[in-house]
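What follows is a short report on a single structure.
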Amino acid sequence: ATPTSIMVGTGKAAENGILFKGGEHLERTHQLEAIVLDKTGTITKGKPEVTNFTGDEKALQLLASAEKGSEHPLAEAIVAYATEQDIDLVEVDDFNAIPGHGIEATISDNTILVGNRKLMQNHQIEVGGAEQEMIDYEVEGKTAMLIAVNGEYRGIVAVADTIKETAPQAIRELKKEGLEVIMLTGDNERTAQAIAKQVGIDQVIAQVLPEEKADKVKEIQLQGKKVAMVGDGVNDAPALAIADIGIAIGTGTEVAIEAADVTILGGELLLIPKAIKISHATIKNIR
Ligand code: ADP
Ligand code: MG
């Protein structure tokens with residue numbers, strides 16, 4: 001590989017909105033065999049909206065007030081929904097984010113829990129008939145969260161995030177380039193499968209805790225594959241760093257961009273197969 005041809009390659013990539021941090025990353029992109037993509041904010045737009053709420057007004061008030069303390073996109077969706085419904089948010093006395101599970105808050109004398117099944121199980125909360133309703137939302141690709149107040153189940157809130165329009169085409173092109181495509185998410189299996197189906201991904205790793213994302217990438221490497229990781233969140237940073245090529249979504253967090261080897265501007269997924277094509281063309285020219 002001559003330094004000049006590599007420079008021409010990274011220059012061409014940059015013109016297209018693909019920012020390589022160095023020429024060696026372009027050479028490694030050429031060798032990729034598998035690609036792992038985060039779901040929220042990478043495959044989806046990362047702008048979820050509440051589509052369903054089951055519960056009374058008091059539960060909604062406590063729910064939204066508690067979520068006000070969270071920076072999670074799911075929380076933003078819930079707060080926006082309550083605001084639209086003219087719900088007055090109340091002061092939170094204590095707040096705790098439980099990564100991969102949900103949140104816990106204290107509001108005057110009430111303890112509020114919002115999150116997934118695991119969170120409810122860990123607090124021994126009986127959700128009874130909520131299970132079927134959860135499943136109904138999840139098969140549609142929605143993320144359903146359970147709400148409990150003072151140890152009792154009080155409702156469900158479901159949120160939908162839409163896929164990026166060009167995601168199916170990007171996945172198709174990645175497969176055409178011979179890459180194995182895998183989705184990685186903290187969300188539940190059913191929701192993940194529904195989104196994966198919409199974009200044409202058949203391998204899904206779901207319910208992965210934030211701190212486990214890097215381990216999953218490592219497992220693929222241990223199978224002897226050169227793997228890229230694509231992500232936008234703070235949660236994705238360790239996985240982006242450990243991957244053979246870390247690809248950050250330009251619209252994502254600073255932490256992800258710093259951990260990655262490449263950044264794609266505007267979060268346009270079509271730039272990923274484009275980067276791979278440029279890497280192939282560059283390396284071919286060298287030979
Ligand atoms: P993702 O990979 O989609 O970003 P996370 O690991 O952040 O997922 O979260 C996994 C799951 O934990 C969510 O699908 C949701 O059920 C629950 N969760 C996380 N944050 C919150 C929150 N602020 N409120 C309610 N539930 C949450
Ligand atoms: Mg994400």
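By order of appearance in the structure tokens: chains A, B, ..., then residues from 1 within every chain, and ligands from 1 in the order shown.
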
Would you name the residues within 7 Å of ligand 1, counting only C-alpha atoms and all ligand atoms, and put them as a list in words?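 What falls inside 7 Å of ligand 1 is Asp38, Lys39, Thr40, Glu67, Ser70, Glu71, His72, Leu74, Ala75, Ala97, Pro99, Gly100, His101, Gly102, Ile103, Val114, Gly115, Asn116, Thr143, Ala144, Met145, Thr185, Gly186, Asp187, Asn188, Gln207, Val208, Leu209 and Pro210 of chain A.
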
Go through the chains and note each residue within 9 Å of ligand 2, using only C-alpha atoms and all ligand atoms, then give the set as a compact mmCIF listing (two decimals) with C-alpha atoms, in the first residue's frame.
# COMPACT_ATOMS: atom_id res chain seq x y z
CA LEU A 37 -24.91 -2.23 14.11
CA ASP A 38 -26.49 -0.72 17.21
CA LYS A 39 -30.27 -0.30 16.88
CA THR A 40 -31.41 2.96 18.48
CA GLY A 41 -29.98 6.03 16.77
CA THR A 42 -27.97 3.96 14.31
CA ILE A 43 -30.54 1.90 12.38
CA THR A 44 -33.47 3.91 13.74
CA GLY A 46 -33.34 7.70 17.59
CA THR A 185 -29.26 -3.77 21.15
CA GLY A 231 -22.87 3.08 16.93
CA ASP A 232 -23.89 6.48 18.21
CA GLY A 233 -24.21 6.25 21.96
CA VAL A 234 -22.01 6.56 25.02
CA ASN A 235 -22.93 2.89 25.57
CA ASP A 236 -21.39 1.97 22.24
CA GLY A 252 -24.28 10.75 17.73

Pick out the residues sitting within 10 Å of Phe20 of chain A, and hand them over as a PyMOL selection string; count only C-alpha atoms, and ignore anything fewer than 5 positions along from it in its own chain. chain A and resi 9-11+13-14+25-26+247+260-264+275

8 Å contact set for Ile78 of chain A, only C-alpha atoms, chain neighbours under 6 positions out, as an NGL selection string: :A and (49-50 or 63-64 or 67)

Restrict the selected residues to N, CA and C atoms and save them as an mmCIF file, in the first residue's frame.
data_model
loop_
_atom_site.group_PDB
_atom_site.id
_atom_site.type_symbol
_atom_site.label_atom_id
_atom_site.label_comp_id
_atom_site.auth_asym_id
_atom_site.auth_seq_id
_atom_site.Cartn_x
_atom_site.Cartn_y
_atom_site.Cartn_z
ATOM 1 N N GLU A 49 -41.297 8.121 19.823
ATOM 2 C CA GLU A 49 -42.518 8.824 20.234
ATOM 3 C C GLU A 49 -43.437 7.857 20.947
ATOM 4 N N VAL A 50 -44.132 8.367 21.954
ATOM 5 C CA VAL A 50 -45.088 7.528 22.675
ATOM 6 C C VAL A 50 -46.278 7.252 21.763
ATOM 7 N N LEU A 63 -44.784 9.082 36.270
ATOM 8 C CA LEU A 63 -43.929 8.512 35.224
ATOM 9 C C LEU A 63 -43.094 9.605 34.545
ATOM 10 N N ALA A 64 -43.792 10.624 34.059
ATOM 11 C CA ALA A 64 -43.104 11.679 33.309
ATOM 12 C C ALA A 64 -42.189 12.508 34.207
ATOM 13 N N GLU A 67 -39.066 10.502 34.697
ATOM 14 C CA GLU A 67 -38.257 10.419 33.475
ATOM 15 C C GLU A 67 -37.570 11.740 33.131
#

Rounded to one decimal, what separation in Å do you get between atom CA of Gly23 of chain A and atom CA of Lys274 of chain A?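 Atom-to-atom, atom CA of Gly23 of chain A and atom CA of Lys274 of chain A are spaced 16.1 Å apart.
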
Kindly indicate which residue among A:Glu152, A:Glu258, A:Glu138, A:Glu27 lies nearest to Ile112 of chain A, using only C-alpha atoms for the distances.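 Among A:Glu152, A:Glu258, A:Glu138, A:Glu27, it is A:Glu152 that comes nearest to Ile112 of chain A.
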
Members of segment 196-260 of chain A assigned alpha helix (DSSP H) by DSSP, as JSON, numbers by chain: {"A": [196, 197, 198, 199, 213, 214, 215, 216, 217, 218, 219, 220, 221, 222, 237, 238, 239, 240, 241, 242, 254, 255, 256, 257, 258, 259]}

Report the residues of segment 91-207 of chain A whose backbone DSSP state falls under strand (DSSP E or B), written as a PyMOL selection string. chain A and resi 94-98+102-107+110-115+143-149+152-160+163+180-184+203-205

Could you list, as a list in words, every residue within 9 Å of Ile125 of chain A, counting only C-alpha atoms and ignoring same-chain residues fewer than 5 positions away? Leu119, Met120, Ala148, Gly151, Glu152 and Tyr153 of chain A

Shortest contact to Arg28 of chain A, candidates A:Lys226, A:Lys142, A:Lys197, A:Lys277, atoms counted only C-alpha atoms, goes to A:Lys226

Atom pair atom CA of Leu19 of chain A / atom CA of Ala192 of chain A: separation (Å): 28.9 Å

Computed interatomic separation between atom CA of Lys216 of chain A and atom CA of Glu189 of chain A (Å):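 Taking atom CA of Lys216 of chain A as the start and atom CA of Glu189 of chain A as the end point, the length is 15.4 Å.
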
Just want the 8 Å neighbourhood of Thr106 of chain A, counted on only C-alpha atoms, with same-chain residues fewer than 5 positions away dropped. Output as a ChimeraX atom specification. /A:66,92-95,111-112

Find the residue from A:Leu32, A:Ile135, A:Leu240, A:Ala281 that sits nearest to Ala194 of chain A; use only C-alpha atoms when measuring.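 Closest candidate: A:Ile135.
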